[in-house]
$ cat final.pdb   # PDB, C-alpha atoms and all ligand atoms
MODEL        1
ATOM      1  CA  MET A 180       0.000   0.000   0.000  1.00  0.00           C
ATOM      2  CA  PRO A 181       1.465   3.356  -0.946  1.00  0.00           C
ATOM      3  CA  SER A 182       2.221   5.592   1.976  1.00  0.00           C
ATOM      4  CA  PHE A 183       2.525   9.347   1.982  1.00  0.00           C
ATOM      5  CA  PRO A 184       5.865  10.656   3.212  1.00  0.00           C
ATOM      6  CA  ARG A 185       4.903  11.922   6.656  1.00  0.00           C
ATOM      7  CA  GLN A 186       7.313  14.788   6.915  1.00  0.00           C
ATOM      8  CA  ARG A 187       5.652  16.434   3.947  1.00  0.00           C
ATOM      9  CA  CYS A 188       2.179  16.291   5.394  1.00  0.00           C
ATOM     10  CA  ASN A 189       1.286  19.497   7.227  1.00  0.00           C
ATOM     11  CA  HIS A 190      -2.087  18.537   8.593  1.00  0.00           C
ATOM     12  CA  PRO A 191      -2.371  14.820   9.249  1.00  0.00           C
ATOM     13  CA  ASP A 192      -5.602  15.367  11.201  1.00  0.00           C
ATOM     14  CA  ASP A 193      -7.280  16.898   8.156  1.00  0.00           C
ATOM     15  CA  HIS A 194      -7.002  13.584   6.353  1.00  0.00           C
ATOM     16  CA  VAL A 195      -8.901  11.787   9.089  1.00  0.00           C
ATOM     17  CA  HIS A 196     -11.554  14.485   9.235  1.00  0.00           C
ATOM     18  CA  ASP A 197     -11.953  14.638   5.438  1.00  0.00           C
ATOM     19  CA  ARG A 198     -12.090  10.870   5.200  1.00  0.00           C
ATOM     20  CA  GLU A 199     -14.922  10.583   7.709  1.00  0.00           C
ATOM     21  CA  ALA A 200     -16.866  13.417   6.081  1.00  0.00           C
ATOM     22  CA  PHE A 201     -16.392  11.784   2.677  1.00  0.00           C
ATOM     23  CA  VAL A 202     -17.604   8.363   3.812  1.00  0.00           C
ATOM     24  CA  ARG A 203     -20.571   9.987   5.559  1.00  0.00           C
ATOM     25  CA  GLU A 204     -21.526  11.915   2.430  1.00  0.00           C
ATOM     26  CA  VAL A 205     -21.346   8.797   0.259  1.00  0.00           C
ATOM     27  CA  THR A 206     -23.478   6.921   2.803  1.00  0.00           C
ATOM     28  CA  GLU A 207     -26.069   9.718   2.640  1.00  0.00           C
ATOM     29  CA  VAL A 208     -26.089   9.777  -1.158  1.00  0.00           C
ATOM     30  CA  CYS A 209     -26.579   6.000  -1.241  1.00  0.00           C
ATOM     31  CA  ALA A 210     -29.546   6.284   1.143  1.00  0.00           C
ATOM     32  CA  GLU A 211     -31.070   9.098  -0.949  1.00  0.00           C
ATOM     33  CA  ARG A 212     -30.707   7.190  -4.208  1.00  0.00           C
ATOM     34  CA  GLY A 213     -31.649   3.804  -2.826  1.00  0.00           C
ATOM     35  CA  LEU A 214     -28.207   2.365  -3.571  1.00  0.00           C
ATOM     36  CA  ARG A 215     -26.905  -0.528  -1.539  1.00  0.00           C
ATOM     37  CA  LEU A 216     -23.636   0.277   0.155  1.00  0.00           C
ATOM     38  CA  THR A 217     -22.830  -3.302   1.115  1.00  0.00           C
ATOM     39  CA  PRO A 218     -20.216  -3.958   3.823  1.00  0.00           C
ATOM     40  CA  LEU A 219     -17.624  -4.811   1.167  1.00  0.00           C
ATOM     41  CA  ARG A 220     -18.387  -1.705  -0.887  1.00  0.00           C
ATOM     42  CA  GLU A 221     -18.077   0.375   2.249  1.00  0.00           C
ATOM     43  CA  ARG A 222     -14.784  -1.255   3.194  1.00  0.00           C
ATOM     44  CA  VAL A 223     -13.388  -0.580  -0.276  1.00  0.00           C
ATOM     45  CA  LEU A 224     -14.642   3.011  -0.086  1.00  0.00           C
ATOM     46  CA  ARG A 225     -12.963   3.493   3.304  1.00  0.00           C
ATOM     47  CA  LEU A 226      -9.686   2.076   2.054  1.00  0.00           C
ATOM     48  CA  VAL A 227      -9.688   4.358  -0.993  1.00  0.00           C
ATOM     49  CA  ALA A 228     -10.582   7.300   1.265  1.00  0.00           C
ATOM     50  CA  LYS A 229      -7.868   6.404   3.744  1.00  0.00           C
ATOM     51  CA  ALA A 230      -5.107   6.196   1.158  1.00  0.00           C
ATOM     52  CA  THR A 231      -3.391   9.528   0.744  1.00  0.00           C
ATOM     53  CA  LEU A 232      -2.128   8.421  -2.655  1.00  0.00           C
ATOM     54  CA  PRO A 233      -4.062   6.826  -5.533  1.00  0.00           C
ATOM     55  CA  VAL A 234      -4.534   3.184  -4.639  1.00  0.00           C
ATOM     56  CA  LYS A 235      -4.265   0.197  -6.960  1.00  0.00           C
ATOM     57  CA  ALA A 236      -6.716  -2.689  -7.095  1.00  0.00           C
ATOM     58  CA  TYR A 237      -4.120  -5.233  -5.975  1.00  0.00           C
ATOM     59  CA  ASP A 238      -3.304  -3.099  -2.928  1.00  0.00           C
ATOM     60  CA  LEU A 239      -6.991  -3.214  -2.035  1.00  0.00           C
ATOM     61  CA  MET A 240      -7.125  -6.996  -2.475  1.00  0.00           C
ATOM     62  CA  ASP A 241      -4.208  -7.286  -0.119  1.00  0.00           C
ATOM     63  CA  LEU A 242      -5.725  -4.919   2.462  1.00  0.00           C
ATOM     64  CA  LEU A 243      -9.006  -6.838   2.315  1.00  0.00           C
ATOM     65  CA  ARG A 244      -7.335 -10.153   3.001  1.00  0.00           C
ATOM     66  CA  ASP A 245      -8.960 -12.373   5.546  1.00  0.00           C
ATOM     67  CA  GLY A 246      -7.791 -15.626   7.148  1.00  0.00           C
ATOM     68  CA  LYS A 247      -7.935 -17.337   3.750  1.00  0.00           C
ATOM     69  CA  GLY A 248      -5.731 -14.845   1.928  1.00  0.00           C
ATOM     70  CA  PRO A 249      -6.288 -11.778  -0.247  1.00  0.00           C
ATOM     71  CA  ALA A 250      -9.838 -10.865  -1.330  1.00  0.00           C
ATOM     72  CA  ALA A 251     -10.917 -12.369  -4.658  1.00  0.00           C
ATOM     73  CA  PRO A 252     -10.265  -9.972  -7.557  1.00  0.00           C
ATOM     74  CA  PRO A 253     -13.817 -10.156  -9.032  1.00  0.00           C
ATOM     75  CA  THR A 254     -15.452  -9.071  -5.766  1.00  0.00           C
ATOM     76  CA  VAL A 255     -13.051  -6.157  -5.374  1.00  0.00           C
ATOM     77  CA  TYR A 256     -13.517  -5.074  -9.002  1.00  0.00           C
ATOM     78  CA  ARG A 257     -17.303  -5.267  -8.634  1.00  0.00           C
ATOM     79  CA  ALA A 258     -17.155  -3.049  -5.553  1.00  0.00           C
ATOM     80  CA  LEU A 259     -14.859  -0.603  -7.377  1.00  0.00           C
ATOM     81  CA  ASP A 260     -17.209  -0.564 -10.385  1.00  0.00           C
ATOM     82  CA  PHE A 261     -20.136   0.287  -8.135  1.00  0.00           C
ATOM     83  CA  LEU A 262     -18.206   3.188  -6.583  1.00  0.00           C
ATOM     84  CA  LEU A 263     -17.018   4.381 -10.005  1.00  0.00           C
ATOM     85  CA  GLU A 264     -20.416   4.159 -11.679  1.00  0.00           C
ATOM     86  CA  ASN A 265     -21.938   6.255  -8.949  1.00  0.00           C
ATOM     87  CA  GLY A 266     -19.207   8.859  -9.077  1.00  0.00           C
ATOM     88  CA  PHE A 267     -17.884   8.270  -5.556  1.00  0.00           C
ATOM     89  CA  ILE A 268     -14.353   7.553  -6.724  1.00  0.00           C
ATOM     90  CA  HIS A 269     -12.350   8.222  -9.891  1.00  0.00           C
ATOM     91  CA  LYS A 270     -10.086   5.892 -11.807  1.00  0.00           C
ATOM     92  CA  LEU A 271      -6.777   7.236 -13.039  1.00  0.00           C
ATOM     93  CA  GLU A 272      -6.282   5.177 -16.174  1.00  0.00           C
ATOM     94  CA  SER A 273      -2.688   6.212 -16.807  1.00  0.00           C
ATOM     95  CA  ILE A 274      -1.484   4.845 -13.481  1.00  0.00           C
ATOM     96  CA  ASN A 275      -4.285   2.298 -13.068  1.00  0.00           C
ATOM     97  CA  ALA A 276      -5.251   3.537  -9.616  1.00  0.00           C
ATOM     98  CA  TYR A 277      -8.262   4.897  -7.764  1.00  0.00           C
ATOM     99  CA  VAL A 278      -8.918   8.047  -5.751  1.00  0.00           C
ATOM    100  CA  GLY A 279     -11.878   9.260  -3.733  1.00  0.00           C
ATOM    101  CA  CYS A 280     -13.854  12.140  -5.203  1.00  0.00           C
ATOM    102  CA  HIS A 281     -14.173  15.537  -3.533  1.00  0.00           C
ATOM    103  CA  GLN A 282     -17.729  15.949  -4.730  1.00  0.00           C
ATOM    104  CA  PRO A 283     -19.330  12.512  -4.582  1.00  0.00           C
ATOM    105  CA  ARG A 284     -22.769  14.090  -4.935  1.00  0.00           C
ATOM    106  CA  LEU A 285     -22.229  15.670  -8.334  1.00  0.00           C
ATOM    107  CA  PRO A 286     -21.552  13.662 -11.472  1.00  0.00           C
ATOM    108  CA  HIS A 287     -18.548  15.195 -13.182  1.00  0.00           C
ATOM    109  CA  SER A 288     -15.425  14.516 -15.111  1.00  0.00           C
ATOM    110  CA  VAL A 289     -12.482  16.762 -14.386  1.00  0.00           C
ATOM    111  CA  PRO A 290      -8.760  16.698 -15.127  1.00  0.00           C
ATOM    112  CA  PHE A 291      -6.283  15.299 -12.634  1.00  0.00           C
ATOM    113  CA  LEU A 292      -2.775  16.548 -11.984  1.00  0.00           C
ATOM    114  CA  ILE A 293      -0.517  13.634 -11.076  1.00  0.00           C
ATOM    115  CA  CYS A 294       2.893  14.191  -9.471  1.00  0.00           C
ATOM    116  CA  GLY A 295       5.527  11.746 -10.681  1.00  0.00           C
ATOM    117  CA  GLU A 296       7.651  12.253  -7.557  1.00  0.00           C
ATOM    118  CA  CYS A 297       5.341  11.951  -4.555  1.00  0.00           C
ATOM    119  CA  GLY A 298       2.499  10.260  -6.422  1.00  0.00           C
ATOM    120  CA  GLN A 299      -0.195  12.682  -5.255  1.00  0.00           C
ATOM    121  CA  ALA A 300      -3.124  13.156  -7.626  1.00  0.00           C
ATOM    122  CA  VAL A 301      -5.084  16.385  -7.415  1.00  0.00           C
ATOM    123  CA  GLU A 302      -8.538  16.739  -8.866  1.00  0.00           C
ATOM    124  CA  MET A 303      -8.933  20.070 -10.692  1.00  0.00           C
ATOM    125  CA  GLU A 304     -12.358  21.133  -9.578  1.00  0.00           C
ATOM    126  CA  ASP A 305     -13.098  22.922 -12.818  1.00  0.00           C
ATOM    127  CA  GLU A 306     -15.070  21.434 -15.655  1.00  0.00           C
ATOM    128  CA  ARG A 307     -14.109  23.947 -18.355  1.00  0.00           C
ATOM    129  CA  ALA A 308     -11.396  21.777 -19.890  1.00  0.00           C
ATOM    130  CA  THR A 309     -13.730  18.786 -20.052  1.00  0.00           C
ATOM    131  CA  ARG A 310     -16.544  20.881 -21.530  1.00  0.00           C
ATOM    132  CA  LEU A 311     -14.263  22.277 -24.217  1.00  0.00           C
ATOM    133  CA  LEU A 312     -13.079  18.787 -25.099  1.00  0.00           C
ATOM    134  CA  THR A 313     -16.642  17.486 -25.356  1.00  0.00           C
ATOM    135  CA  GLU A 314     -17.722  20.429 -27.512  1.00  0.00           C
ATOM    136  CA  GLN A 315     -14.788  20.012 -29.870  1.00  0.00           C
ATOM    137  CA  ALA A 316     -15.405  16.287 -30.155  1.00  0.00           C
ATOM    138  CA  GLN A 317     -19.069  16.894 -30.942  1.00  0.00           C
ATOM    139  CA  ALA A 318     -18.128  19.506 -33.561  1.00  0.00           C
ATOM    140  CA  LEU A 319     -16.100  16.771 -35.258  1.00  0.00           C
ATOM    141  CA  GLY A 320     -18.974  14.329 -35.019  1.00  0.00           C
ATOM    142  CA  PHE A 321     -17.050  12.251 -32.514  1.00  0.00           C
ATOM    143  CA  ARG A 322     -18.979  10.645 -29.672  1.00  0.00           C
ATOM    144  CA  PRO A 323     -16.788  10.208 -26.629  1.00  0.00           C
ATOM    145  CA  LEU A 324     -17.700   7.205 -24.512  1.00  0.00           C
ATOM    146  CA  ALA A 325     -15.200   7.829 -21.762  1.00  0.00           C
ATOM    147  CA  GLN A 326     -12.451  10.228 -21.033  1.00  0.00           C
ATOM    148  CA  THR A 327     -10.157  11.012 -18.163  1.00  0.00           C
ATOM    149  CA  LEU A 328      -7.728  13.853 -18.516  1.00  0.00           C
ATOM    150  CA  GLU A 329      -4.559  13.124 -16.624  1.00  0.00           C
ATOM    151  CA  VAL A 330      -1.693  15.561 -16.558  1.00  0.00           C
ATOM    152  CA  HIS A 331       1.649  14.206 -15.371  1.00  0.00           C
ATOM    153  CA  GLY A 332       4.326  16.379 -13.841  1.00  0.00           C
ATOM    154  CA  ARG A 333       5.723  17.617 -10.572  1.00  0.00           C
ATOM    155  CA  CYS A 334       3.648  19.197  -7.820  1.00  0.00           C
ATOM    156  CA  ALA A 335       4.526  22.538  -6.220  1.00  0.00           C
ATOM    157  CA  ARG A 336       5.866  20.855  -3.100  1.00  0.00           C
ATOM    158  CA  CYS A 337       8.138  18.490  -5.011  1.00  0.00           C
ATOM    159  CA  ALA A 338       9.310  21.292  -7.328  1.00  0.00           C
ATOM    160  CA  GLU A 339      10.567  23.331  -4.343  1.00  0.00           C
ATOM    161  CA  PRO A 340      14.331  23.356  -3.949  1.00  0.00           C
ATOM    162  CA  GLU A 341      15.373  21.183  -0.982  1.00  0.00           C
TER     163      GLU A 341
HETATM  164 ZN    ZN A 401     -14.433  14.080  -8.518  1.00  0.00          ZN
HETATM  165 ZN    ZN A 402       4.782  15.829  -5.590  1.00  0.00          ZN
ENDMDL
END
$ encode --input "final.pdb" --output "structure tokens" --more "lines below"
Ligand SMILES: [Zn+2]
Ligand SMILES: [Zn+2]
Amino acid sequence: MPSFPRQRCNHPDDHVHDREAFVREVTEVCAERGLRLTPLRERVLRLVAKATLPVKAYDLMDLLRDGKGPAAPPTVYRALDFLLENGFIHKLESINAYVGCHQPRLPHSVPFLICGECGQAVEMEDERATRLLTEQAQALGFRPLAQTLEVHGRCARCAEPE
């Protein structure tokens, strides 16, 4: 499981607070929409929320291991699909990892900025880039089925001189 370098984290308590608020919001949305947040789905959600870096499916399988070994891949993928389909988490295709969403209530597709050094992925909470892309695609008669914009580089913290 990826771990965030502690010395770089200014507010460790914020993570805990944010994580609880996030899980609570998803639980509320599920109740409102009549979605079943099964115990496994909730465990997967909590693990994704707890990870400070994008988390890979095989890390989740390992974290969900019971006495018999790691969780079976199909069950974990089904739980991830449920969370993805309902917009509670995002999948970063370029690094094949998952992150919790800041706005689990609103369906959206926004670009991500991914740092190649510390591995942090930041969701750009601005839909203009996505809208422009969709409009341009439509102008060309292209029907996008899926898109995730992922920008790779170095975050401000990692770009700072030591
Ligand atoms: Zn989001
Ligand atoms: Zn970084």
$ resolve_selection --input "final.pdb" --expression "the PyMOL selection byres (((chain A and resi 284) around 9) and not hetatm)" --output "PDB file with C-alpha atoms, in the frame of the given file"
ATOM      1  CA  GLU A 204     -21.526  11.915   2.430  1.00  0.00           C
ATOM      2  CA  VAL A 205     -21.346   8.797   0.259  1.00  0.00           C
ATOM      3  CA  VAL A 208     -26.089   9.777  -1.158  1.00  0.00           C
ATOM      4  CA  ASN A 265     -21.938   6.255  -8.949  1.00  0.00           C
ATOM      5  CA  GLY A 266     -19.207   8.859  -9.077  1.00  0.00           C
ATOM      6  CA  PHE A 267     -17.884   8.270  -5.556  1.00  0.00           C
ATOM      7  CA  HIS A 281     -14.173  15.537  -3.533  1.00  0.00           C
ATOM      8  CA  GLN A 282     -17.729  15.949  -4.730  1.00  0.00           C
ATOM      9  CA  PRO A 283     -19.330  12.512  -4.582  1.00  0.00           C
ATOM     10  CA  LEU A 285     -22.229  15.670  -8.334  1.00  0.00           C
ATOM     11  CA  PRO A 286     -21.552  13.662 -11.472  1.00  0.00           C
TER      12      PRO A 286
END
$ resolve_selection --input "final.pdb" --expression "the PyMOL selection byres (((chain A and resi 273) around 12) and not hetatm)" --output "NGL selection string"
:A and (233 or 235 or 270-272 or 274-277 or 291-293 or 295 or 300 or 326-331)
$ write_last_selection --input "final.pdb" --atoms "C-alpha atoms" --output "PDB file, keeping the file's coordinate frame"
ATOM      1  CA  PRO A 233      -4.062   6.826  -5.533  1.00  0.00           C
ATOM      2  CA  LYS A 235      -4.265   0.197  -6.960  1.00  0.00           C
ATOM      3  CA  LYS A 270     -10.086   5.892 -11.807  1.00  0.00           C
ATOM      4  CA  LEU A 271      -6.777   7.236 -13.039  1.00  0.00           C
ATOM      5  CA  GLU A 272      -6.282   5.177 -16.174  1.00  0.00           C
ATOM      6  CA  ILE A 274      -1.484   4.845 -13.481  1.00  0.00           C
ATOM      7  CA  ASN A 275      -4.285   2.298 -13.068  1.00  0.00           C
ATOM      8  CA  ALA A 276      -5.251   3.537  -9.616  1.00  0.00           C
ATOM      9  CA  TYR A 277      -8.262   4.897  -7.764  1.00  0.00           C
ATOM     10  CA  PHE A 291      -6.283  15.299 -12.634  1.00  0.00           C
ATOM     11  CA  LEU A 292      -2.775  16.548 -11.984  1.00  0.00           C
ATOM     12  CA  ILE A 293      -0.517  13.634 -11.076  1.00  0.00           C
ATOM     13  CA  GLY A 295       5.527  11.746 -10.681  1.00  0.00           C
ATOM     14  CA  ALA A 300      -3.124  13.156  -7.626  1.00  0.00           C
ATOM     15  CA  GLN A 326     -12.451  10.228 -21.033  1.00  0.00           C
ATOM     16  CA  THR A 327     -10.157  11.012 -18.163  1.00  0.00           C
ATOM     17  CA  LEU A 328      -7.728  13.853 -18.516  1.00  0.00           C
ATOM     18  CA  GLU A 329      -4.559  13.124 -16.624  1.00  0.00           C
ATOM     19  CA  VAL A 330      -1.693  15.561 -16.558  1.00  0.00           C
ATOM     20  CA  HIS A 331       1.649  14.206 -15.371  1.00  0.00           C
TER      21      HIS A 331
END
$ closest_atom_pairs --input "final.pdb" --of "chain A" --to "ligand ZN 401 (chain A)" --cutoff "7 Å" --atoms "only C-alpha atoms and all ligand atoms" --output "CSV"
residue,atom,partner,partner_atom,distance
A:Ile268,CA,A:ZN401,ZN,6.8
A:His269,CA,A:ZN401,ZN,6.4
A:Cys280,CA,A:ZN401,ZN,3.9
A:His281,CA,A:ZN401,ZN,5.2
A:Gln282,CA,A:ZN401,ZN,5.4
A:Pro283,CA,A:ZN401,ZN,6.5
A:His287,CA,A:ZN401,ZN,6.3
A:Ser288,CA,A:ZN401,ZN,6.7
A:Val289,CA,A:ZN401,ZN,6.7
A:Glu302,CA,A:ZN401,ZN,6.5
$ resolve_selection --input "final.pdb" --expression "the PyMOL selection byres (((chain A and resi 306) around 9) and not hetatm)" --output "PDB file with C-alpha atoms, keeping the file's coordinate frame"
ATOM      1  CA  HIS A 287     -18.548  15.195 -13.182  1.00  0.00           C
ATOM      2  CA  SER A 288     -15.425  14.516 -15.111  1.00  0.00           C
ATOM      3  CA  VAL A 289     -12.482  16.762 -14.386  1.00  0.00           C
ATOM      4  CA  PRO A 290      -8.760  16.698 -15.127  1.00  0.00           C
ATOM      5  CA  MET A 303      -8.933  20.070 -10.692  1.00  0.00           C
ATOM      6  CA  GLU A 304     -12.358  21.133  -9.578  1.00  0.00           C
ATOM      7  CA  ASP A 305     -13.098  22.922 -12.818  1.00  0.00           C
ATOM      8  CA  ARG A 307     -14.109  23.947 -18.355  1.00  0.00           C
ATOM      9  CA  ALA A 308     -11.396  21.777 -19.890  1.00  0.00           C
ATOM     10  CA  THR A 309     -13.730  18.786 -20.052  1.00  0.00           C
ATOM     11  CA  ARG A 310     -16.544  20.881 -21.530  1.00  0.00           C
ATOM     12  CA  LEU A 311     -14.263  22.277 -24.217  1.00  0.00           C
TER      13      LEU A 311
END
$ closest_atom_pairs --input "final.pdb" --of "chain A" --to "ligand ZN 402 (chain A)" --cutoff "6 Å" --atoms "all atoms listed in the file" --output "Markdown table"
| residue | atom | partner | partner_atom | distance |
| --- | --- | --- | --- | --- |
| A:Cys294 | CA | A:ZN402 | ZN | 4.6 |
| A:Glu296 | CA | A:ZN402 | ZN | 5.0 |
| A:Cys297 | CA | A:ZN402 | ZN | 4.1 |
| A:Gln299 | CA | A:ZN402 | ZN | 5.9 |
| A:Arg333 | CA | A:ZN402 | ZN | 5.4 |
| A:Cys334 | CA | A:ZN402 | ZN | 4.2 |
| A:Arg336 | CA | A:ZN402 | ZN | 5.7 |
| A:Cys337 | CA | A:ZN402 | ZN | 4.3 |
$ closest_residue --input "final.pdb" --among "A:Leu319, A:Ala230, A:Leu224, A:Val255" --to "Thr206 of chain A" --atoms "all atoms listed in the file"
A:Leu224
$ build_atoms --input "final.pdb" --residues "segment 260-289 of chain A" --atoms "N, CA and C atoms" --output "mmCIF file, in the coordinates of the input"
data_model
loop_
_atom_site.group_PDB
_atom_site.id
_atom_site.type_symbol
_atom_site.label_atom_id
_atom_site.label_comp_id
_atom_site.auth_asym_id
_atom_site.auth_seq_id
_atom_site.Cartn_x
_atom_site.Cartn_y
_atom_site.Cartn_z
ATOM 1 N N ASP A 260 -16.320 -0.985 -9.303
ATOM 2 C CA ASP A 260 -17.209 -0.564 -10.385
ATOM 3 C C ASP A 260 -18.434 0.163 -9.846
ATOM 4 N N PHE A 261 -18.979 -0.363 -8.757
ATOM 5 C CA PHE A 261 -20.136 0.287 -8.135
ATOM 6 C C PHE A 261 -19.768 1.717 -7.721
ATOM 7 N N LEU A 262 -18.624 1.866 -7.069
ATOM 8 C CA LEU A 262 -18.206 3.188 -6.583
ATOM 9 C C LEU A 262 -17.893 4.129 -7.741
ATOM 10 N N LEU A 263 -17.333 3.573 -8.814
ATOM 11 C CA LEU A 263 -17.018 4.381 -10.005
ATOM 12 C C LEU A 263 -18.287 4.825 -10.717
ATOM 13 N N GLU A 264 -19.187 3.863 -10.942
ATOM 14 C CA GLU A 264 -20.416 4.159 -11.679
ATOM 15 C C GLU A 264 -21.238 5.236 -10.996
ATOM 16 N N ASN A 265 -21.153 5.278 -9.677
ATOM 17 C CA ASN A 265 -21.938 6.255 -8.949
ATOM 18 C C ASN A 265 -21.166 7.536 -8.649
ATOM 19 N N GLY A 266 -19.974 7.618 -9.187
ATOM 20 C CA GLY A 266 -19.207 8.859 -9.077
ATOM 21 C C GLY A 266 -18.604 9.115 -7.710
ATOM 22 N N PHE A 267 -18.446 8.070 -6.895
ATOM 23 C CA PHE A 267 -17.884 8.270 -5.556
ATOM 24 C C PHE A 267 -16.355 8.261 -5.583
ATOM 25 N N ILE A 268 -15.810 7.581 -6.567
ATOM 26 C CA ILE A 268 -14.353 7.553 -6.724
ATOM 27 C C ILE A 268 -14.043 7.790 -8.209
ATOM 28 N N HIS A 269 -12.790 8.087 -8.504
ATOM 29 C CA HIS A 269 -12.350 8.222 -9.891
ATOM 30 C C HIS A 269 -11.274 7.189 -10.158
ATOM 31 N N LYS A 270 -11.184 6.777 -11.424
ATOM 32 C CA LYS A 270 -10.086 5.892 -11.807
ATOM 33 C C LYS A 270 -9.090 6.685 -12.640
ATOM 34 N N LEU A 271 -7.832 6.600 -12.261
ATOM 35 C CA LEU A 271 -6.777 7.236 -13.039
ATOM 36 C C LEU A 271 -6.212 6.159 -13.954
ATOM 37 N N GLU A 272 -6.642 6.237 -15.232
ATOM 38 C CA GLU A 272 -6.282 5.177 -16.174
ATOM 39 C C GLU A 272 -4.775 5.084 -16.396
ATOM 40 N N SER A 273 -4.107 6.226 -16.437
ATOM 41 C CA SER A 273 -2.688 6.212 -16.807
ATOM 42 C C SER A 273 -1.816 5.545 -15.749
ATOM 43 N N ILE A 274 -2.271 5.530 -14.513
ATOM 44 C CA ILE A 274 -1.484 4.845 -13.481
ATOM 45 C C ILE A 274 -2.275 3.678 -12.883
ATOM 46 N N ASN A 275 -3.464 3.432 -13.472
ATOM 47 C CA ASN A 275 -4.285 2.298 -13.068
ATOM 48 C C ASN A 275 -4.536 2.286 -11.554
ATOM 49 N N ALA A 276 -5.022 3.418 -11.052
ATOM 50 C CA ALA A 276 -5.251 3.537 -9.616
ATOM 51 C C ALA A 276 -6.517 4.352 -9.359
ATOM 52 N N TYR A 277 -6.985 4.282 -8.121
ATOM 53 C CA TYR A 277 -8.262 4.897 -7.764
ATOM 54 C C TYR A 277 -8.084 5.966 -6.692
ATOM 55 N N VAL A 278 -8.920 7.009 -6.790
ATOM 56 C CA VAL A 278 -8.918 8.047 -5.751
ATOM 57 C C VAL A 278 -10.359 8.376 -5.390
ATOM 58 N N GLY A 279 -10.554 8.822 -4.162
ATOM 59 C CA GLY A 279 -11.878 9.260 -3.733
ATOM 60 C C GLY A 279 -12.183 10.597 -4.379
ATOM 61 N N CYS A 280 -13.473 10.893 -4.557
ATOM 62 C CA CYS A 280 -13.854 12.140 -5.203
ATOM 63 C C CYS A 280 -14.205 13.200 -4.166
ATOM 64 N N HIS A 281 -13.858 14.442 -4.459
ATOM 65 C CA HIS A 281 -14.173 15.537 -3.533
ATOM 66 C C HIS A 281 -15.654 15.890 -3.541
ATOM 67 N N GLN A 282 -16.313 15.600 -4.627
ATOM 68 C CA GLN A 282 -17.729 15.949 -4.730
ATOM 69 C C GLN A 282 -18.540 14.735 -5.140
ATOM 70 N N PRO A 283 -18.675 13.777 -4.221
ATOM 71 C CA PRO A 283 -19.330 12.512 -4.582
ATOM 72 C C PRO A 283 -20.807 12.683 -4.943
ATOM 73 N N ARG A 284 -21.360 13.860 -4.676
ATOM 74 C CA ARG A 284 -22.769 14.090 -4.935
ATOM 75 C C ARG A 284 -23.032 14.482 -6.385
ATOM 76 N N LEU A 285 -22.033 15.131 -6.991
ATOM 77 C CA LEU A 285 -22.229 15.670 -8.334
ATOM 78 C C LEU A 285 -21.507 14.839 -9.383
ATOM 79 N N PRO A 286 -22.241 14.370 -10.393
ATOM 80 C CA PRO A 286 -21.552 13.662 -11.472
ATOM 81 C C PRO A 286 -20.663 14.641 -12.236
ATOM 82 N N HIS A 287 -19.446 14.289 -12.458
ATOM 83 C CA HIS A 287 -18.548 15.195 -13.182
ATOM 84 C C HIS A 287 -17.342 14.429 -13.689
ATOM 85 N N SER A 288 -16.658 15.069 -14.602
ATOM 86 C CA SER A 288 -15.425 14.516 -15.111
ATOM 87 C C SER A 288 -14.456 15.680 -15.197
ATOM 88 N N VAL A 289 -13.413 15.638 -14.419
ATOM 89 C CA VAL A 289 -12.482 16.762 -14.386
ATOM 90 C C VAL A 289 -11.053 16.249 -14.540
#
